[in-house]
Amino acid sequence: KGIQKKYDIIYSAQFIDRKMPFFFINVLKLINDSIPCKVILIGSGKLKEKMLKRLEELKIDYSYPGYIQQEELPWIYGSAKILLFPTKFDAWGIIANEACAAGIPVITCVNAGAANELIINEYNGYVLPLDEKIWAEHVIKVLSDDSVYKKLSDNAVISVRKFNYENAVAGIL
């Protein structure tokens, strides 16, 4: 719709089972059945070839730029609208911070430590059960309604501000 970005969805993770790449791909298929979406994948791992093959089979429009320098990450994040962050377990998930800093709403689950701490349901993203249909419905809602996207995006930037080195040090002290 009105908010123009190069990609609709970003997935940034190790391509391993714990990061649920095939859950992510199944969500993409459901989205793509309703609205065409463009995806960028950041990361690598032992499931890379299987993932790329499956994306091709499903005819999902994706970009896989390979290794990205750390200083390029803000521009990569900024080129997408939504970060999908499924996980079987993550103590935190720094990618949620990186996405929020770039104004990217995050969809995740309670298995991520950032859920309900940094990512607040319906404020700067969604904390959802690991149900592909529910995730797809939420992505479609965000991609289809500029006002929902703008609210989540603006709140993402606001919410990440308190997660900085000064506050981390103060918390430890």
# chains A, B, ... in the order shown; residues from 1 in each chain; ligands from 1

call {"tool": "closest_atom_pairs", "arguments": {"of": "stretch 49-107 of chain A", "to": "stretch 5-16 of chain A", "cutoff": "9 Å", "atoms": "only C-alpha atoms", "output": "JSON lines"}}
result
{"residue": "A:Met51", "atom": "CA", "partner": "A:Phe15", "partner_atom": "CA", "distance": 8.1}
{"residue": "A:Tyr62", "atom": "CA", "partner": "A:Tyr7", "partner_atom": "CA", "distance": 8.6}
{"residue": "A:Ser63", "atom": "CA", "partner": "A:Tyr7", "partner_atom": "CA", "distance": 8.9}
{"residue": "A:Ile76", "atom": "CA", "partner": "A:Ile10", "partner_atom": "CA", "distance": 8.7}
{"residue": "A:Tyr77", "atom": "CA", "partner": "A:Ile10", "partner_atom": "CA", "distance": 7.3}
{"residue": "A:Gly78", "atom": "CA", "partner": "A:Lys5", "partner_atom": "CA", "distance": 8.0}
{"residue": "A:Ser79", "atom": "CA", "partner": "A:Lys6", "partner_atom": "CA", "distance": 5.4}
{"residue": "A:Ala80", "atom": "CA", "partner": "A:Tyr7", "partner_atom": "CA", "distance": 4.5}
{"residue": "A:Lys81", "atom": "CA", "partner": "A:Asp8", "partner_atom": "CA", "distance": 4.9}
{"residue": "A:Ile82", "atom": "CA", "partner": "A:Ile9", "partner_atom": "CA", "distance": 4.9}
{"residue": "A:Leu83", "atom": "CA", "partner": "A:Ile10", "partner_atom": "CA", "distance": 4.9}
{"residue": "A:Leu84", "atom": "CA", "partner": "A:Tyr11", "partner_atom": "CA", "distance": 5.7}
{"residue": "A:Phe85", "atom": "CA", "partner": "A:Tyr11", "partner_atom": "CA", "distance": 6.9}
{"residue": "A:Ile95", "atom": "CA", "partner": "A:Ser12", "partner_atom": "CA", "distance": 7.0}

call {"tool": "select_by_dssp", "arguments": {"residues": "stretch 2-168 of chain A", "states": "strand (DSSP E or B)", "output": "ChimeraX atom specification"}}
result
/A:7-12,38-42,61-63,80-85,90,106-108,112,115,119,121,125-127

call {"tool": "residues_around", "arguments": {"residues": "stretch 99-109 of chain A", "least_positions_apart": "2", "cutoff": "7 Å", "atoms": "only C-alpha atoms", "output": "PyMOL selection string"}}
result
chain A and resi 74+77-78+81-86+95-97+111-112+115+119+124-130+152-154+156-157+160

call {"tool": "write_last_selection", "arguments": {"atoms": "N, CA and C atoms", "output": "PDB file, in the first residue's frame"}}
result
ATOM      1  N   PRO A  74      21.653  -1.893   9.561  1.00  0.00           N
ATOM      2  CA  PRO A  74      20.562  -0.909   9.697  1.00  0.00           C
ATOM      3  C   PRO A  74      19.845  -0.626   8.370  1.00  0.00           C
ATOM      4  N   TYR A  77      17.653  -3.783   7.536  1.00  0.00           N
ATOM      5  CA  TYR A  77      16.426  -3.761   8.343  1.00  0.00           C
ATOM      6  C   TYR A  77      15.493  -2.664   7.840  1.00  0.00           C
ATOM      7  N   GLY A  78      16.041  -1.505   7.569  1.00  0.00           N
ATOM      8  CA  GLY A  78      15.229  -0.382   7.114  1.00  0.00           C
ATOM      9  C   GLY A  78      14.559  -0.597   5.771  1.00  0.00           C
ATOM     10  N   LYS A  81       9.465  -4.134   6.034  1.00  0.00           N
ATOM     11  CA  LYS A  81       8.356  -3.632   6.847  1.00  0.00           C
ATOM     12  C   LYS A  81       8.183  -4.380   8.161  1.00  0.00           C
ATOM     13  N   ILE A  82       8.347  -5.701   8.167  1.00  0.00           N
ATOM     14  CA  ILE A  82       8.050  -6.514   9.349  1.00  0.00           C
ATOM     15  C   ILE A  82       9.146  -7.572   9.532  1.00  0.00           C
ATOM     16  N   LEU A  83       9.557  -7.783  10.780  1.00  0.00           N
ATOM     17  CA  LEU A  83      10.457  -8.886  11.121  1.00  0.00           C
ATOM     18  C   LEU A  83       9.623 -10.018  11.698  1.00  0.00           C
ATOM     19  N   LEU A  84       9.784 -11.204  11.129  1.00  0.00           N
ATOM     20  CA  LEU A  84       9.174 -12.396  11.712  1.00  0.00           C
ATOM     21  C   LEU A  84      10.258 -13.126  12.500  1.00  0.00           C
ATOM     22  N   PHE A  85       9.988 -13.379  13.777  1.00  0.00           N
ATOM     23  CA  PHE A  85      10.966 -13.930  14.698  1.00  0.00           C
ATOM     24  C   PHE A  85      10.370 -15.114  15.462  1.00  0.00           C
ATOM     25  N   PRO A  86      10.131 -16.230  14.734  1.00  0.00           N
ATOM     26  CA  PRO A  86       9.706 -17.443  15.443  1.00  0.00           C
ATOM     27  C   PRO A  86      10.924 -18.101  16.075  1.00  0.00           C
ATOM     28  N   ILE A  95      17.968  -9.464  17.559  1.00  0.00           N
ATOM     29  CA  ILE A  95      17.372  -9.011  16.296  1.00  0.00           C
ATOM     30  C   ILE A  95      16.112  -8.188  16.541  1.00  0.00           C
ATOM     31  N   ALA A  96      15.419  -8.445  17.647  1.00  0.00           N
ATOM     32  CA  ALA A  96      14.237  -7.640  17.983  1.00  0.00           C
ATOM     33  C   ALA A  96      14.654  -6.197  18.249  1.00  0.00           C
ATOM     34  N   ASN A  97      15.766  -6.002  18.973  1.00  0.00           N
ATOM     35  CA  ASN A  97      16.278  -4.649  19.213  1.00  0.00           C
ATOM     36  C   ASN A  97      16.660  -3.973  17.903  1.00  0.00           C
ATOM     37  N   ASN A 111       8.445 -17.736  23.355  1.00  0.00           N
ATOM     38  CA  ASN A 111       9.730 -18.428  23.485  1.00  0.00           C
ATOM     39  C   ASN A 111      10.922 -17.491  23.328  1.00  0.00           C
ATOM     40  N   ALA A 112      10.677 -16.248  22.963  1.00  0.00           N
ATOM     41  CA  ALA A 112      11.740 -15.245  22.842  1.00  0.00           C
ATOM     42  C   ALA A 112      11.750 -14.403  24.113  1.00  0.00           C
ATOM     43  N   ALA A 115      10.016 -11.079  24.134  1.00  0.00           N
ATOM     44  CA  ALA A 115       8.549 -11.044  24.118  1.00  0.00           C
ATOM     45  C   ALA A 115       8.031 -10.540  25.459  1.00  0.00           C
ATOM     46  N   ILE A 119       9.124  -6.491  22.968  1.00  0.00           N
ATOM     47  CA  ILE A 119       8.011  -6.616  22.015  1.00  0.00           C
ATOM     48  C   ILE A 119       6.719  -6.762  22.810  1.00  0.00           C
ATOM     49  N   ASN A 124       4.103  -2.574  19.519  1.00  0.00           N
ATOM     50  CA  ASN A 124       5.190  -2.434  18.543  1.00  0.00           C
ATOM     51  C   ASN A 124       5.375  -3.710  17.726  1.00  0.00           C
ATOM     52  N   GLY A 125       4.391  -4.560  17.789  1.00  0.00           N
ATOM     53  CA  GLY A 125       4.423  -5.836  17.090  1.00  0.00           C
ATOM     54  C   GLY A 125       3.398  -6.749  17.711  1.00  0.00           C
ATOM     55  N   TYR A 126       3.655  -8.042  17.607  1.00  0.00           N
ATOM     56  CA  TYR A 126       2.723  -9.021  18.160  1.00  0.00           C
ATOM     57  C   TYR A 126       3.498 -10.160  18.806  1.00  0.00           C
ATOM     58  N   VAL A 127       2.988 -10.630  19.940  1.00  0.00           N
ATOM     59  CA  VAL A 127       3.477 -11.836  20.594  1.00  0.00           C
ATOM     60  C   VAL A 127       2.356 -12.854  20.425  1.00  0.00           C
ATOM     61  N   LEU A 128       2.587 -13.823  19.542  1.00  0.00           N
ATOM     62  CA  LEU A 128       1.523 -14.725  19.112  1.00  0.00           C
ATOM     63  C   LEU A 128       1.858 -16.181  19.411  1.00  0.00           C
ATOM     64  N   PRO A 129       0.824 -17.006  19.516  1.00  0.00           N
ATOM     65  CA  PRO A 129       1.075 -18.446  19.614  1.00  0.00           C
ATOM     66  C   PRO A 129       1.705 -18.930  18.302  1.00  0.00           C
ATOM     67  N   LEU A 130       2.429 -20.025  18.380  1.00  0.00           N
ATOM     68  CA  LEU A 130       3.091 -20.550  17.180  1.00  0.00           C
ATOM     69  C   LEU A 130       2.064 -21.284  16.307  1.00  0.00           C
ATOM     70  N   LEU A 152       2.604   0.701  14.818  1.00  0.00           N
ATOM     71  CA  LEU A 152       3.559  -0.294  15.306  1.00  0.00           C
ATOM     72  C   LEU A 152       4.997   0.158  15.062  1.00  0.00           C
ATOM     73  N   SER A 153       5.246   0.741  13.896  1.00  0.00           N
ATOM     74  CA  SER A 153       6.588   1.199  13.537  1.00  0.00           C
ATOM     75  C   SER A 153       7.047   2.336  14.449  1.00  0.00           C
ATOM     76  N   ASP A 154       6.199   3.342  14.642  1.00  0.00           N
ATOM     77  CA  ASP A 154       6.546   4.468  15.520  1.00  0.00           C
ATOM     78  C   ASP A 154       6.815   3.978  16.942  1.00  0.00           C
ATOM     79  N   ALA A 156       7.775   1.011  17.838  1.00  0.00           N
ATOM     80  CA  ALA A 156       8.996   0.193  17.875  1.00  0.00           C
ATOM     81  C   ALA A 156      10.200   1.072  18.199  1.00  0.00           C
ATOM     82  N   VAL A 157      10.295   2.214  17.533  1.00  0.00           N
ATOM     83  CA  VAL A 157      11.423   3.130  17.755  1.00  0.00           C
ATOM     84  C   VAL A 157      11.402   3.653  19.189  1.00  0.00           C
ATOM     85  N   VAL A 160      12.401   0.806  21.960  1.00  0.00           N
ATOM     86  CA  VAL A 160      13.771   0.286  22.039  1.00  0.00           C
ATOM     87  C   VAL A 160      14.714   1.266  22.736  1.00  0.00           C
TER      88      VAL A 160
END

call {"tool": "closest_residue", "arguments": {"among": "A:Glu122, A:Glu71, A:Glu117, A:Asp131", "to": "A:Asn26", "atoms": "only C-alpha atoms"}}
result
A:Asp131

call {"tool": "select_by_dssp", "arguments": {"residues": "chain A", "states": "helix (DSSP H, G or I)", "output": "ChimeraX atom specification"}}
result
/A:17-19,21-34,48-57,70-78,94-101,132-144,146-160,165-172

call {"tool": "closest_residue", "arguments": {"among": "A:Lys151, A:Lys141, A:Arg54, A:Lys162", "to": "A:Ile35", "atoms": "only C-alpha atoms"}}
result
A:Lys141

call {"tool": "residues_around", "arguments": {"residues": "A:Val139", "least_positions_apart": "3", "cutoff": "8 Å", "atoms": "only C-alpha atoms", "output": "PyMOL selection string"}}
result
chain A and resi 31+82+135-136+142-143

call {"tool": "write_last_selection", "arguments": {"atoms": "all heavy atoms", "output": "PDB file, in the first residue's frame"}}
result
ATOM      1  N   ILE A  31       0.601 -16.171   3.518  1.00  0.00           N
ATOM      2  CA  ILE A  31       0.523 -14.748   3.159  1.00  0.00           C
ATOM      3  C   ILE A  31       0.454 -14.614   1.652  1.00  0.00           C
ATOM      4  O   ILE A  31      -0.396 -13.905   1.108  1.00  0.00           O
ATOM      5  CB  ILE A  31       1.737 -13.974   3.709  1.00  0.00           C
ATOM      6  CG1 ILE A  31       1.746 -13.994   5.228  1.00  0.00           C
ATOM      7  CG2 ILE A  31       1.753 -12.537   3.174  1.00  0.00           C
ATOM      8  CD1 ILE A  31       3.072 -13.602   5.840  1.00  0.00           C
ATOM      9  N   ILE A  82       8.347  -5.701   8.167  1.00  0.00           N
ATOM     10  CA  ILE A  82       8.050  -6.514   9.349  1.00  0.00           C
ATOM     11  C   ILE A  82       9.146  -7.572   9.532  1.00  0.00           C
ATOM     12  O   ILE A  82       9.560  -8.199   8.562  1.00  0.00           O
ATOM     13  CB  ILE A  82       6.704  -7.257   9.193  1.00  0.00           C
ATOM     14  CG1 ILE A  82       5.562  -6.297   8.896  1.00  0.00           C
ATOM     15  CG2 ILE A  82       6.384  -8.084  10.441  1.00  0.00           C
ATOM     16  CD1 ILE A  82       4.278  -7.009   8.504  1.00  0.00           C
ATOM     17  N   TRP A 135      -0.223 -16.108  12.521  1.00  0.00           N
ATOM     18  CA  TRP A 135       0.884 -15.230  12.112  1.00  0.00           C
ATOM     19  C   TRP A 135       0.586 -14.603  10.751  1.00  0.00           C
ATOM     20  O   TRP A 135       0.767 -13.403  10.561  1.00  0.00           O
ATOM     21  CB  TRP A 135       2.208 -15.999  12.080  1.00  0.00           C
ATOM     22  CG  TRP A 135       2.840 -16.186  13.422  1.00  0.00           C
ATOM     23  CD1 TRP A 135       2.239 -16.664  14.551  1.00  0.00           C
ATOM     24  CD2 TRP A 135       4.183 -15.901  13.784  1.00  0.00           C
ATOM     25  NE1 TRP A 135       3.137 -16.706  15.584  1.00  0.00           N
ATOM     26  CE2 TRP A 135       4.333 -16.249  15.148  1.00  0.00           C
ATOM     27  CE3 TRP A 135       5.286 -15.420  13.084  1.00  0.00           C
ATOM     28  CZ2 TRP A 135       5.541 -16.099  15.827  1.00  0.00           C
ATOM     29  CZ3 TRP A 135       6.493 -15.283  13.757  1.00  0.00           C
ATOM     30  CH2 TRP A 135       6.624 -15.611  15.106  1.00  0.00           C
ATOM     31  N   ALA A 136       0.131 -15.415   9.805  1.00  0.00           N
ATOM     32  CA  ALA A 136      -0.166 -14.901   8.460  1.00  0.00           C
ATOM     33  C   ALA A 136      -1.248 -13.828   8.527  1.00  0.00           C
ATOM     34  O   ALA A 136      -1.129 -12.776   7.869  1.00  0.00           O
ATOM     35  CB  ALA A 136      -0.583 -16.042   7.535  1.00  0.00           C
ATOM     36  N   VAL A 142      -1.092  -6.018   8.978  1.00  0.00           N
ATOM     37  CA  VAL A 142      -0.103  -4.937   9.022  1.00  0.00           C
ATOM     38  C   VAL A 142       0.226  -4.446   7.608  1.00  0.00           C
ATOM     39  O   VAL A 142       0.308  -3.239   7.366  1.00  0.00           O
ATOM     40  CB  VAL A 142       1.175  -5.381   9.759  1.00  0.00           C
ATOM     41  CG1 VAL A 142       2.254  -4.313   9.674  1.00  0.00           C
ATOM     42  CG2 VAL A 142       0.867  -5.705  11.219  1.00  0.00           C
ATOM     43  N   LEU A 143       0.404  -5.379   6.672  1.00  0.00           N
ATOM     44  CA  LEU A 143       0.757  -4.984   5.302  1.00  0.00           C
ATOM     45  C   LEU A 143      -0.408  -4.307   4.578  1.00  0.00           C
ATOM     46  O   LEU A 143      -0.187  -3.559   3.632  1.00  0.00           O
ATOM     47  CB  LEU A 143       1.228  -6.198   4.501  1.00  0.00           C
ATOM     48  CG  LEU A 143       2.539  -6.841   4.938  1.00  0.00           C
ATOM     49  CD1 LEU A 143       2.855  -8.060   4.081  1.00  0.00           C
ATOM     50  CD2 LEU A 143       3.689  -5.840   4.902  1.00  0.00           C
TER      51      LEU A 143
END

call {"tool": "closest_residue", "arguments": {"among": "A:Phe24, A:Asp17, A:Leu58, A:Trp75", "to": "A:Glu132", "atoms": "only C-alpha atoms"}}
result
A:Phe24

call {"tool": "closest_residue", "arguments": {"among": "A:Val110, A:Leu30, A:Cys37, A:Leu73", "to": "A:Lys88", "atoms": "only C-alpha atoms"}}
result
A:Val110

call {"tool": "closest_residue", "arguments": {"among": "A:Ile158, A:Gln70, A:Phe22, A:Leu118", "to": "A:Gly93", "atoms": "only C-alpha atoms"}}
result
A:Leu118
